[in-house]
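K.L.:
PDB, C-alpha atoms and all ligand atoms, saved as my_file20.pdb, coming up:
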ATOM      1  CA  MET K   1      24.933  82.946  22.204
ATOM      2  CA  GLU K   2      27.990  80.704  22.115
ATOM      3  CA  ARG K   3      30.730  82.085  19.873
ATOM      4  CA  ARG K   4      32.842  79.530  18.058
ATOM      5  CA  ASN K   5      36.480  80.430  17.531
ATOM      6  CA  ALA K   6      37.153  81.336  13.905
ATOM      7  CA  VAL K   7      38.868  78.783  11.714
ATOM      8  CA  LYS K   8      42.519  79.711  11.226
ATOM      9  CA  THR K   9      43.736  79.170   7.691
ATOM     10  CA  VAL K  10      47.420  79.504   6.897
ATOM     11  CA  ILE K  11      48.374  79.707   3.228
ATOM     12  CA  VAL K  12      51.972  79.051   2.269
ATOM     13  CA  ASN K  13      53.404  79.896  -1.137
ATOM     14  CA  GLY K  14      56.397  77.651  -1.776
ATOM     15  CA  GLY K  15      57.042  79.199  -5.190
ATOM     16  CA  PRO K  16      59.152  82.266  -5.990
ATOM     17  CA  ARG K  17      56.711  84.068  -8.261
ATOM     18  CA  LYS K  18      54.114  86.236  -6.567
ATOM     19  CA  GLU K  19      51.797  86.786  -9.505
ATOM     20  CA  TRP K  20      51.867  83.507 -11.415
ATOM     21  CA  ASN K  21      50.060  80.174 -11.396
ATOM     22  CA  THR K  22      50.839  78.997  -7.860
ATOM     23  CA  ALA K  23      50.305  82.415  -6.289
ATOM     24  CA  GLN K  24      47.056  83.005  -8.198
ATOM     25  CA  LEU K  25      45.655  79.692  -6.949
ATOM     26  CA  LEU K  26      46.668  80.518  -3.398
ATOM     27  CA  ARG K  27      45.232  84.040  -3.560
ATOM     28  CA  SER K  28      41.968  82.521  -4.719
ATOM     29  CA  ALA K  29      42.090  80.048  -1.814
ATOM     30  CA  ALA K  30      42.686  83.002   0.532
ATOM     31  CA  GLU K  31      39.590  84.744  -0.865
ATOM     32  CA  GLY K  32      37.566  81.581  -0.276
ATOM     33  CA  ALA K  33      38.852  81.296   3.284
ATOM     34  CA  GLN K  34      38.061  84.955   3.987
ATOM     35  CA  ALA K  35      34.579  84.580   2.474
ATOM     36  CA  ALA K  36      33.988  81.721   4.922
ATOM     37  CA  GLY K  37      35.069  83.943   7.822
ATOM     38  CA  ALA K  38      38.398  82.233   8.484
ATOM     39  CA  GLU K  39      41.294  84.142  10.024
ATOM     40  CA  THR K  40      43.626  83.973   7.073
ATOM     41  CA  GLU K  41      47.389  84.349   6.906
ATOM     42  CA  TYR K  42      49.267  84.328   3.583
ATOM     43  CA  ILE K  43      52.999  83.625   3.629
ATOM     44  CA  ASP K  44      55.540  83.789   0.809
ATOM     45  CA  LEU K  45      58.350  81.422   1.800
ATOM     46  CA  TYR K  46      60.753  83.081  -0.639
ATOM     47  CA  ASP K  47      60.516  86.327   1.389
ATOM     48  CA  LEU K  48      61.942  84.577   4.455
ATOM     49  CA  SER K  49      65.467  83.677   5.452
ATOM     50  CA  TYR K  50      65.504  80.164   6.915
ATOM     51  CA  SER K  51      66.883  76.687   6.563
ATOM     52  CA  GLY K  52      65.604  73.155   6.870
ATOM     53  CA  CYS K  53      65.888  71.168  10.102
ATOM     54  CA  ARG K  54      69.342  71.686  11.705
ATOM     55  CA  SER K  55      69.071  68.428  13.646
ATOM     56  CA  CYS K  56      69.738  70.337  16.874
ATOM     57  CA  LEU K  57      67.405  67.743  18.464
ATOM     58  CA  ALA K  58      66.289  70.289  21.086
ATOM     59  CA  CYS K  59      62.713  69.097  20.474
ATOM     60  CA  LYS K  60      63.784  65.540  21.428
ATOM     61  CA  ARG K  61      65.590  66.409  24.698
ATOM     62  CA  LYS K  62      64.327  64.655  27.828
ATOM     63  CA  GLY K  63      62.124  66.829  30.022
ATOM     64  CA  VAL K  64      61.731  69.566  27.449
ATOM     65  CA  GLU K  65      58.644  71.715  27.910
ATOM     66  CA  ASN K  66      56.396  71.611  24.839
ATOM     67  CA  PRO K  67      58.490  69.330  22.623
ATOM     68  CA  CYS K  68      56.099  69.872  19.724
ATOM     69  CA  ARG K  69      57.815  73.100  18.691
ATOM     70  CA  CYS K  70      60.886  73.945  16.697
ATOM     71  CA  PHE K  71      63.534  75.453  18.967
ATOM     72  CA  PHE K  72      65.833  76.683  16.203
ATOM     73  CA  ARG K  73      65.212  80.398  15.633
ATOM     74  CA  ASP K  74      65.254  81.991  12.206
ATOM     75  CA  GLY K  75      62.882  83.636   9.733
ATOM     76  CA  LEU K  76      60.595  80.612   9.687
ATOM     77  CA  SER K  77      60.004  80.489  13.462
ATOM     78  CA  PRO K  78      56.870  82.702  13.555
ATOM     79  CA  VAL K  79      55.468  80.786  10.571
ATOM     80  CA  ILE K  80      55.926  77.427  12.295
ATOM     81  CA  GLU K  81      54.065  78.758  15.328
ATOM     82  CA  LYS K  82      51.197  80.007  13.159
ATOM     83  CA  VAL K  83      50.991  76.738  11.249
ATOM     84  CA  HIS K  84      50.865  74.697  14.449
ATOM     85  CA  GLN K  85      47.893  76.778  15.626
ATOM     86  CA  ALA K  86      45.991  76.524  12.337
ATOM     87  CA  HIS K  87      42.987  74.388  11.437
ATOM     88  CA  HIS K  88      43.628  74.498   7.724
ATOM     89  CA  LEU K  89      46.966  74.664   5.943
ATOM     90  CA  ILE K  90      46.972  75.378   2.220
ATOM     91  CA  ILE K  91      50.299  74.884   0.503
ATOM     92  CA  GLY K  92      51.270  75.706  -3.059
ATOM     93  CA  SER K  93      54.419  74.849  -4.948
ATOM     94  CA  PRO K  94      55.593  74.576  -8.511
ATOM     95  CA  ILE K  95      57.297  71.325  -9.462
ATOM     96  CA  TYR K  96      61.012  71.848 -10.090
ATOM     97  CA  PHE K  97      62.934  68.877 -11.457
ATOM     98  CA  GLY K  98      60.213  66.480 -10.407
ATOM     99  CA  GLN K  99      59.854  67.785  -6.830
ATOM    100  CA  PRO K 100      58.252  70.660  -4.946
ATOM    101  CA  THR K 101      60.707  73.539  -4.412
ATOM    102  CA  GLY K 102      63.645  73.383  -2.015
ATOM    103  CA  GLN K 103      62.062  76.109   0.140
ATOM    104  CA  LEU K 104      58.979  73.966   0.588
ATOM    105  CA  ARG K 105      61.135  70.987   1.577
ATOM    106  CA  CYS K 106      62.857  73.065   4.287
ATOM    107  CA  PHE K 107      59.442  74.232   5.509
ATOM    108  CA  LEU K 108      58.217  70.616   5.650
ATOM    109  CA  GLU K 109      61.191  69.497   7.736
ATOM    110  CA  ARG K 110      60.806  72.326  10.224
ATOM    111  CA  VAL K 111      57.032  72.129  10.771
ATOM    112  CA  LEU K 112      56.887  68.343  10.951
ATOM    113  CA  PHE K 113      60.009  67.071  12.734
ATOM    114  CA  PRO K 114      58.925  68.393  16.181
ATOM    115  CA  THR K 115      55.591  66.551  15.814
ATOM    116  CA  LEU K 116      57.334  63.183  15.423
ATOM    117  CA  SER K 117      58.074  61.167  18.566
ATOM    118  CA  TYR K 118      61.282  59.167  18.503
ATOM    119  CA  ASN K 119      59.865  57.070  21.357
ATOM    120  CA  SER K 120      56.823  55.781  19.513
ATOM    121  CA  PHE K 121      57.346  57.030  15.937
ATOM    122  CA  SER K 122      53.850  58.444  16.106
ATOM    123  CA  SER K 123      52.717  62.060  16.074
ATOM    124  CA  ILE K 124      52.635  64.011  19.342
ATOM    125  CA  PHE K 125      50.761  66.878  17.695
ATOM    126  CA  THR K 126      47.711  67.703  19.800
ATOM    127  CA  GLY K 127      45.786  69.825  17.269
ATOM    128  CA  LYS K 128      44.216  68.855  13.967
ATOM    129  CA  ILE K 129      45.103  70.532  10.702
ATOM    130  CA  ASP K 130      43.588  69.673   7.350
ATOM    131  CA  VAL K 131      46.168  70.100   4.611
ATOM    132  CA  ASP K 132      45.514  70.956   0.967
ATOM    133  CA  VAL K 133      48.375  71.103  -1.494
ATOM    134  CA  PHE K 134      48.318  72.763  -4.912
ATOM    135  CA  LEU K 135      51.102  71.564  -7.169
ATOM    136  CA  THR K 136      51.586  73.446 -10.409
ATOM    137  CA  MET K 137      53.624  71.982 -13.237
ATOM    138  CA  GLY K 138      54.379  72.075 -16.915
ATOM    139  CA  GLU K 139      53.600  68.389 -17.376
ATOM    140  CA  THR K 140      50.169  67.231 -18.491
ATOM    141  CA  LYS K 141      47.667  65.582 -16.146
ATOM    142  CA  GLU K 142      48.327  62.282 -17.903
ATOM    143  CA  SER K 143      52.049  62.602 -17.100
ATOM    144  CA  TYR K 144      51.285  63.637 -13.531
ATOM    145  CA  ASP K 145      49.196  60.514 -12.999
ATOM    146  CA  ARG K 146      51.907  58.351 -14.542
ATOM    147  CA  ILE K 147      55.113  59.916 -13.227
ATOM    148  CA  TYR K 148      54.383  62.100 -10.201
ATOM    149  CA  LYS K 149      51.151  61.097  -8.439
ATOM    150  CA  GLU K 150      52.506  58.236  -6.333
ATOM    151  CA  LYS K 151      55.717  60.106  -5.589
ATOM    152  CA  MET K 152      53.822  63.229  -4.449
ATOM    153  CA  GLU K 153      51.486  61.214  -2.245
ATOM    154  CA  ALA K 154      54.562  59.763  -0.518
ATOM    155  CA  TYR K 155      56.226  63.186  -0.350
ATOM    156  CA  PHE K 156      53.261  64.801   1.432
ATOM    157  CA  ALA K 157      52.327  61.779   3.585
ATOM    158  CA  PRO K 158      54.334  63.148   6.575
ATOM    159  CA  PHE K 159      51.662  65.874   6.863
ATOM    160  CA  HIS K 160      49.379  63.158   8.294
ATOM    161  CA  SER K 161      51.286  64.009  11.487
ATOM    162  CA  PHE K 162      48.851  66.939  11.737
ATOM    163  CA  LYS K 163      46.046  64.384  12.165
ATOM    164  CA  GLY K 164      43.739  65.879   9.528
ATOM    165  CA  THR K 165      43.131  65.164   5.879
ATOM    166  CA  VAL K 166      45.912  65.584   3.308
ATOM    167  CA  ARG K 167      44.725  66.324  -0.223
ATOM    168  CA  ILE K 168      46.841  67.021  -3.276
ATOM    169  CA  HIS K 169      45.477  69.061  -6.202
ATOM    170  CA  PRO K 170      47.654  68.863  -9.316
ATOM    171  CA  VAL K 171      47.399  71.835 -11.670
ATOM    172  CA  CYS K 172      48.983  70.693 -14.906
ATOM    173  CA  ASP K 173      50.158  72.049 -18.232
ATOM    174  CA  THR K 174      50.588  75.566 -16.860
ATOM    175  CA  ALA K 175      51.760  78.475 -18.967
ATOM    176  CA  GLN K 176      55.151  79.677 -17.773
ATOM    177  CA  VAL K 177      55.224  83.006 -19.604
ATOM    178  CA  LYS K 178      52.699  85.335 -21.209
ATOM    179  CA  ASP K 179      54.472  85.517 -24.566
ATOM    180  CA  TYR K 180      56.459  82.457 -25.655
ATOM    181  CA  SER K 181      57.820  84.302 -28.707
ATOM    182  CA  GLU K 182      60.116  86.300 -26.390
ATOM    183  CA  TYR K 183      61.909  83.197 -25.059
ATOM    184  CA  GLU K 184      64.052  80.314 -26.276
ATOM    185  CA  MET K 185      61.313  77.805 -25.527
ATOM    186  CA  ALA K 186      60.705  76.186 -28.878
ATOM    187  CA  GLY K 187      60.245  72.774 -27.242
ATOM    188  CA  ILE K 188      57.241  73.957 -25.248
ATOM    189  CA  PRO K 189      53.799  74.113 -26.883
ATOM    190  CA  GLY K 190      53.221  77.695 -25.775
ATOM    191  CA  ALA K 191      50.117  78.405 -27.864
ATOM    192  CA  ARG K 192      48.373  75.334 -26.448
ATOM    193  CA  LYS K 193      49.359  76.244 -22.894
ATOM    194  CA  LEU K 194      48.106  79.812 -23.250
ATOM    195  CA  ALA K 195      44.818  78.509 -24.695
ATOM    196  CA  LEU K 196      44.492  76.077 -21.755
ATOM    197  CA  ARG K 197      45.151  78.951 -19.394
ATOM    198  CA  ASP K 198      42.017  80.653 -20.698
ATOM    199  CA  VAL K 199      39.942  77.460 -20.715
ATOM    200  CA  GLU K 200      41.095  75.279 -17.799
ATOM    201  CA  PHE K 201      42.863  77.540 -15.333
ATOM    202  CA  PRO K 202      39.703  79.449 -14.286
ATOM    203  CA  ALA K 203      38.201  76.129 -13.152
ATOM    204  CA  MET K 204      41.308  75.510 -11.035
ATOM    205  CA  LEU K 205      40.970  78.994  -9.516
ATOM    206  CA  GLN K 206      37.375  78.135  -8.653
ATOM    207  CA  LEU K 207      38.556  74.849  -7.119
ATOM    208  CA  SER K 208      41.130  76.629  -4.961
ATOM    209  CA  TYR K 209      38.477  79.155  -3.884
ATOM    210  CA  GLU K 210      36.229  76.270  -2.817
ATOM    211  CA  VAL K 211      39.118  74.557  -1.045
ATOM    212  CA  GLY K 212      39.796  77.795   0.855
ATOM    213  CA  LYS K 213      36.125  77.981   1.729
ATOM    214  CA  ARG K 214      36.321  74.313   2.764
ATOM    215  CA  ASN K 215      33.495  73.232   0.485
TER     216      ASN K 215
HETATM  217  C1  LIG K 301      63.675  75.437 -12.350
HETATM  218  C2  LIG K 301      62.406  74.874 -12.950
HETATM  219  C3  LIG K 301      62.247  73.506 -13.028
HETATM  220  C4  LIG K 301      61.048  72.969 -13.515
HETATM  221  N1  LIG K 301      60.898  71.596 -13.529
HETATM  222  C5  LIG K 301      59.699  71.071 -13.885
HETATM  223  C6  LIG K 301      59.493  69.667 -13.833
HETATM  224  O1  LIG K 301      60.373  68.884 -13.477
HETATM  225  N2  LIG K 301      58.267  69.194 -14.173
HETATM  226  C7  LIG K 301      57.246  70.005 -14.559
HETATM  227  O2  LIG K 301      56.143  69.518 -14.836
HETATM  228  N3  LIG K 301      57.415  71.361 -14.626
HETATM  229  C8  LIG K 301      58.613  71.902 -14.288
HETATM  230  N4  LIG K 301      58.793  73.266 -14.322
HETATM  231  C9  LIG K 301      57.649  74.141 -14.705
HETATM  232  C10 LIG K 301      56.932  74.712 -13.495
HETATM  233  O3  LIG K 301      56.656  73.703 -12.546
HETATM  234  C11 LIG K 301      55.606  75.326 -13.908
HETATM  235  O4  LIG K 301      55.821  76.291 -14.896
HETATM  236  C12 LIG K 301      54.894  75.931 -12.709
HETATM  237  O5  LIG K 301      53.535  76.124 -12.990
HETATM  238  C13 LIG K 301      55.531  77.263 -12.303
HETATM  239  O6  LIG K 301      54.779  77.826 -11.253
HETATM  240  P1  LIG K 301      54.590  79.422 -11.172
HETATM  241  O7  LIG K 301      53.893  79.840 -12.437
HETATM  242  O8  LIG K 301      53.751  79.640  -9.972
HETATM  243  O9  LIG K 301      55.946  80.012 -11.039
HETATM  244  C14 LIG K 301      60.004  73.835 -13.920
HETATM  245  C15 LIG K 301      60.195  75.231 -13.866
HETATM  246  C16 LIG K 301      61.389  75.740 -13.393
HETATM  247  C17 LIG K 301      61.587  77.250 -13.330
END
Just give me the structure as structure tokens.
Ligand SMILES: Cc1cc2nc3c(=O)[nH]c(=O)nc-3n(C[C@H](O)[C@H](O)[C@H](O)COP(=O)(O)O)c2cc1C

P.N.:
Amino acid sequence: MERRNAVKTVIVNGGPRKEWNTAQLLRSAAEGAQAAGAETEYIDLYDLSYSGCRSCLACKRKGVENPCRCFFRDGLSPVIEKVHQAHHLIIGSPIYFGQPTGQLRCFLERVLFPTLSYNSFSSIFTGKIDVDVFLTMGETKESYDRIYKEKMEAYFAPFHSFKGTVRIHPVCDTAQVKDYSEYEMAGIPGARKLALRDVEFPAMLQLSYEVGKRN
């Protein structure tokens, strides 16, 4: 019987918290991927020491063997190699000041710049990776659609370099803490957010499970 190679799913947490909204969604996606038999790797970017692209341009040098790799070595190097071999990349990030986190931005620069040809301005990536992005945020879905949606589509468009689908899943109105009475957060409707966490967040966990399972 012919054996197909297992799907490789790489899950990247671009948020600092390992137990909160973003991480919970990604853990659920990992469970879905494992249930579907994918080889699954879960990476916390905040555990790694790395920078964004250093513009060393080693990947653009004439005659370089395998230009579609990042030549700069640091804590992200093994992650870049794993991502480039994946079939499915699942990214999560909180929104900070209207953008995904800085760590995610550095990751984006490093995994994508080597795939971009400066001769043709097209992708030289030879694999195919489907990309799913979970963005968690305090804003409501209505605000996301109005303020962030277009901006986030543009932000993640460079992932089309991986030649697969790129899908963004906003997870809005998240609860930031378990007990708002312990914090100076009077401007935030904590009770409503905690209620939503019980009502709406489980559906988002189910969605991320299905995304991991590639349903
Ligand atoms: C530094 C910082 C900046 C934030 N900026 C925004 C923002 O601009 N828009 C927004 O909707 N939420 C913002 N938030 C809220 C987080 O995006 C939201 O709580 C998110 O779900 C946190 O993810 P986590 O629970 O996985 O840590 C901010 C939170 C922090 C800590």

K.L.:
Return as JSON the box centre and box size in Å, one decimal, for an axis-aligned box around all listed atoms of ligand LIG 301 (chain K) padded by 6 Å per side.

P.N.:
{"center_x": 58.6, "center_y": 74.4, "center_z": -12.4, "size_x": 22.1, "size_y": 23.1, "size_z": 16.9}

K.L.:
Determine the residue membership of the PyMOL selection byres (((not hetatm)) within 7 of (chain K and resi 301)) for the file above and supply it as number ranges by chain.

P.N.:
K: 15-17, 20-23, 93-99, 136-139, 174-176

K.L.:
Next, the residues of the selection above should be written as a short mmCIF file (atom, residue, chain, number, x, y, z; two decimals), keeping the file's coordinate frame with C-alpha atoms.

P.N.:
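Result file selection-v9.cif:
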data_model
loop_
_atom_site.label_atom_id
_atom_site.label_comp_id
_atom_site.auth_asym_id
_atom_site.auth_seq_id
_atom_site.Cartn_x
_atom_site.Cartn_y
_atom_site.Cartn_z
CA GLY K 15 57.04 79.20 -5.19
CA PRO K 16 59.15 82.27 -5.99
CA ARG K 17 56.71 84.07 -8.26
CA TRP K 20 51.87 83.51 -11.42
CA ASN K 21 50.06 80.17 -11.40
CA THR K 22 50.84 79.00 -7.86
CA ALA K 23 50.30 82.42 -6.29
CA SER K 93 54.42 74.85 -4.95
CA PRO K 94 55.59 74.58 -8.51
CA ILE K 95 57.30 71.32 -9.46
CA TYR K 96 61.01 71.85 -10.09
CA PHE K 97 62.93 68.88 -11.46
CA GLY K 98 60.21 66.48 -10.41
CA GLN K 99 59.85 67.78 -6.83
CA THR K 136 51.59 73.45 -10.41
CA MET K 137 53.62 71.98 -13.24
CA GLY K 138 54.38 72.08 -16.92
CA GLU K 139 53.60 68.39 -17.38
CA THR K 174 50.59 75.57 -16.86
CA ALA K 175 51.76 78.47 -18.97
CA GLN K 176 55.15 79.68 -17.77
#

K.L.:
Return the single residue from K:Phe159, K:Lys82, K:Leu135, K:Val166 that is closest to Thr40 of chain K, with distances computed using only C-alpha atoms.

P.N.:
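Of K:Phe159, K:Lys82, K:Leu135, K:Val166, the one nearest Thr40 of chain K is K:Lys82, counting only C-alpha atoms.
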
K.L.:
Kindly indicate which residue among K:Ser208, K:Cys70, K:Leu26, K:Ile11 lies nearest to Glu39 of chain K, using only C-alpha atoms for the distances.

P.N.:
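Smallest separation from Glu39 of chain K among the options: K:Ile11.
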
K.L.:
With distances taken over all atoms listed in the file, which residue among K:Phe72, K:Phe107, K:Phe134, K:Phe121 lies nearest Arg27 of chain K?

P.N.:
K:Phe134

K.L.:
Under the rule of at most 8 Å, produce a per-residue listing of segment 107-148 of chain K near segment 51-67 of chain K: chain, number, name, the closest pair of atoms, and the distance in Å, as a Markdown table, using all atoms listed in the file.

P.N.:
| residue | atom | partner | partner_atom | distance |
| --- | --- | --- | --- | --- |
| K:Phe107 | CA | K:Gly52 | CA | 6.4 |
| K:Leu108 | CA | K:Gly52 | CA | 7.9 |
| K:Glu109 | CA | K:Cys53 | CA | 5.5 |
| K:Arg110 | CA | K:Cys53 | CA | 5.2 |
| K:Phe113 | CA | K:Cys53 | CA | 7.6 |
| K:Pro114 | CA | K:Cys59 | CA | 5.8 |
| K:Thr115 | CA | K:Pro67 | CA | 7.9 |
| K:Ser117 | CA | K:Lys60 | CA | 7.7 |
| K:Tyr118 | CA | K:Lys60 | CA | 7.4 |

K.L.:
Got a minute to add all heavy atoms to segment 75-85 of chain K and dump it as a PDB file, keeping the file's coordinate frame?

P.N.:
ATOM      1  N   GLY K  75      64.026  82.961  10.353  1.00  0.00           N
ATOM      2  CA  GLY K  75      62.882  83.636   9.733  1.00  0.00           C
ATOM      3  C   GLY K  75      61.631  82.787   9.638  1.00  0.00           C
ATOM      4  O   GLY K  75      60.525  83.318   9.442  1.00  0.00           O
ATOM      5  N   LEU K  76      61.771  81.477   9.790  1.00  0.00           N
ATOM      6  CA  LEU K  76      60.595  80.612   9.687  1.00  0.00           C
ATOM      7  C   LEU K  76      59.891  80.426  11.036  1.00  0.00           C
ATOM      8  O   LEU K  76      58.745  79.971  11.072  1.00  0.00           O
ATOM      9  CB  LEU K  76      60.999  79.234   9.115  1.00  0.00           C
ATOM     10  CG  LEU K  76      59.856  78.392   8.552  1.00  0.00           C
ATOM     11  CD1 LEU K  76      59.213  79.070   7.332  1.00  0.00           C
ATOM     12  CD2 LEU K  76      60.309  76.988   8.191  1.00  0.00           C
ATOM     13  N   SER K  77      60.554  80.805  12.127  1.00  0.00           N
ATOM     14  CA  SER K  77      60.004  80.489  13.462  1.00  0.00           C
ATOM     15  C   SER K  77      58.570  80.980  13.661  1.00  0.00           C
ATOM     16  O   SER K  77      57.706  80.199  14.082  1.00  0.00           O
ATOM     17  CB  SER K  77      60.923  81.046  14.553  1.00  0.00           C
ATOM     18  OG  SER K  77      62.216  80.502  14.397  1.00  0.00           O
ATOM     19  N   PRO K  78      58.262  82.267  13.344  1.00  0.00           N
ATOM     20  CA  PRO K  78      56.870  82.702  13.555  1.00  0.00           C
ATOM     21  C   PRO K  78      55.882  81.947  12.667  1.00  0.00           C
ATOM     22  O   PRO K  78      54.731  81.738  13.057  1.00  0.00           O
ATOM     23  CB  PRO K  78      56.891  84.195  13.196  1.00  0.00           C
ATOM     24  CG  PRO K  78      58.248  84.528  12.725  1.00  0.00           C
ATOM     25  CD  PRO K  78      59.143  83.352  12.890  1.00  0.00           C
ATOM     26  N   VAL K  79      56.346  81.529  11.500  1.00  0.00           N
ATOM     27  CA  VAL K  79      55.468  80.786  10.571  1.00  0.00           C
ATOM     28  C   VAL K  79      55.137  79.412  11.155  1.00  0.00           C
ATOM     29  O   VAL K  79      53.984  78.964  11.120  1.00  0.00           O
ATOM     30  CB  VAL K  79      56.137  80.651   9.178  1.00  0.00           C
ATOM     31  CG1 VAL K  79      55.297  79.769   8.258  1.00  0.00           C
ATOM     32  CG2 VAL K  79      56.372  82.014   8.561  1.00  0.00           C
ATOM     33  N   ILE K  80      56.145  78.761  11.711  1.00  0.00           N
ATOM     34  CA  ILE K  80      55.926  77.427  12.295  1.00  0.00           C
ATOM     35  C   ILE K  80      54.883  77.532  13.408  1.00  0.00           C
ATOM     36  O   ILE K  80      53.965  76.715  13.506  1.00  0.00           O
ATOM     37  CB  ILE K  80      57.248  76.843  12.841  1.00  0.00           C
ATOM     38  CG1 ILE K  80      58.247  76.658  11.702  1.00  0.00           C
ATOM     39  CG2 ILE K  80      57.004  75.501  13.541  1.00  0.00           C
ATOM     40  CD1 ILE K  80      59.664  76.330  12.164  1.00  0.00           C
ATOM     41  N   GLU K  81      55.031  78.591  14.227  1.00  0.00           N
ATOM     42  CA  GLU K  81      54.065  78.758  15.328  1.00  0.00           C
ATOM     43  C   GLU K  81      52.657  78.969  14.791  1.00  0.00           C
ATOM     44  O   GLU K  81      51.697  78.381  15.292  1.00  0.00           O
ATOM     45  CB  GLU K  81      54.498  79.927  16.232  1.00  0.00           C
ATOM     46  CG  GLU K  81      55.613  79.486  17.180  1.00  0.00           C
ATOM     47  CD  GLU K  81      56.547  80.600  17.617  1.00  0.00           C
ATOM     48  OE1 GLU K  81      56.111  81.766  17.686  1.00  0.00           O
ATOM     49  OE2 GLU K  81      57.734  80.293  17.889  1.00  0.00           O
ATOM     50  N   LYS K  82      52.529  79.767  13.751  1.00  0.00           N
ATOM     51  CA  LYS K  82      51.197  80.007  13.159  1.00  0.00           C
ATOM     52  C   LYS K  82      50.631  78.721  12.563  1.00  0.00           C
ATOM     53  O   LYS K  82      49.450  78.416  12.722  1.00  0.00           O
ATOM     54  CB  LYS K  82      51.290  81.076  12.068  1.00  0.00           C
ATOM     55  CG  LYS K  82      51.282  82.463  12.640  1.00  0.00           C
ATOM     56  CD  LYS K  82      51.493  83.511  11.577  1.00  0.00           C
ATOM     57  CE  LYS K  82      51.774  84.853  12.242  1.00  0.00           C
ATOM     58  NZ  LYS K  82      52.600  85.712  11.453  1.00  0.00           N
ATOM     59  N   VAL K  83      51.464  77.980  11.869  1.00  0.00           N
ATOM     60  CA  VAL K  83      50.991  76.738  11.249  1.00  0.00           C
ATOM     61  C   VAL K  83      50.490  75.776  12.326  1.00  0.00           C
ATOM     62  O   VAL K  83      49.425  75.173  12.185  1.00  0.00           O
ATOM     63  CB  VAL K  83      52.105  76.084  10.396  1.00  0.00           C
ATOM     64  CG1 VAL K  83      51.736  74.659   9.990  1.00  0.00           C
ATOM     65  CG2 VAL K  83      52.391  76.926   9.157  1.00  0.00           C
ATOM     66  N   HIS K  84      51.245  75.662  13.414  1.00  0.00           N
ATOM     67  CA  HIS K  84      50.865  74.697  14.449  1.00  0.00           C
ATOM     68  C   HIS K  84      49.564  75.084  15.158  1.00  0.00           C
ATOM     69  O   HIS K  84      48.947  74.245  15.803  1.00  0.00           O
ATOM     70  CB  HIS K  84      52.005  74.537  15.471  1.00  0.00           C
ATOM     71  CG  HIS K  84      53.128  73.683  14.934  1.00  0.00           C
ATOM     72  ND1 HIS K  84      54.290  73.459  15.622  1.00  0.00           N
ATOM     73  CD2 HIS K  84      53.254  72.990  13.778  1.00  0.00           C
ATOM     74  CE1 HIS K  84      55.094  72.672  14.913  1.00  0.00           C
ATOM     75  NE2 HIS K  84      54.488  72.378  13.788  1.00  0.00           N
ATOM     76  N   GLN K  85      49.167  76.354  15.011  1.00  0.00           N
ATOM     77  CA  GLN K  85      47.893  76.778  15.626  1.00  0.00           C
ATOM     78  C   GLN K  85      46.738  76.786  14.637  1.00  0.00           C
ATOM     79  O   GLN K  85      45.611  77.124  14.982  1.00  0.00           O
ATOM     80  CB  GLN K  85      48.049  78.175  16.215  1.00  0.00           C
ATOM     81  CG  GLN K  85      48.814  78.143  17.533  1.00  0.00           C
ATOM     82  CD  GLN K  85      49.351  79.490  17.924  1.00  0.00           C
ATOM     83  OE1 GLN K  85      48.909  80.519  17.422  1.00  0.00           O
ATOM     84  NE2 GLN K  85      50.331  79.493  18.796  1.00  0.00           N
TER      85      GLN K  85
END
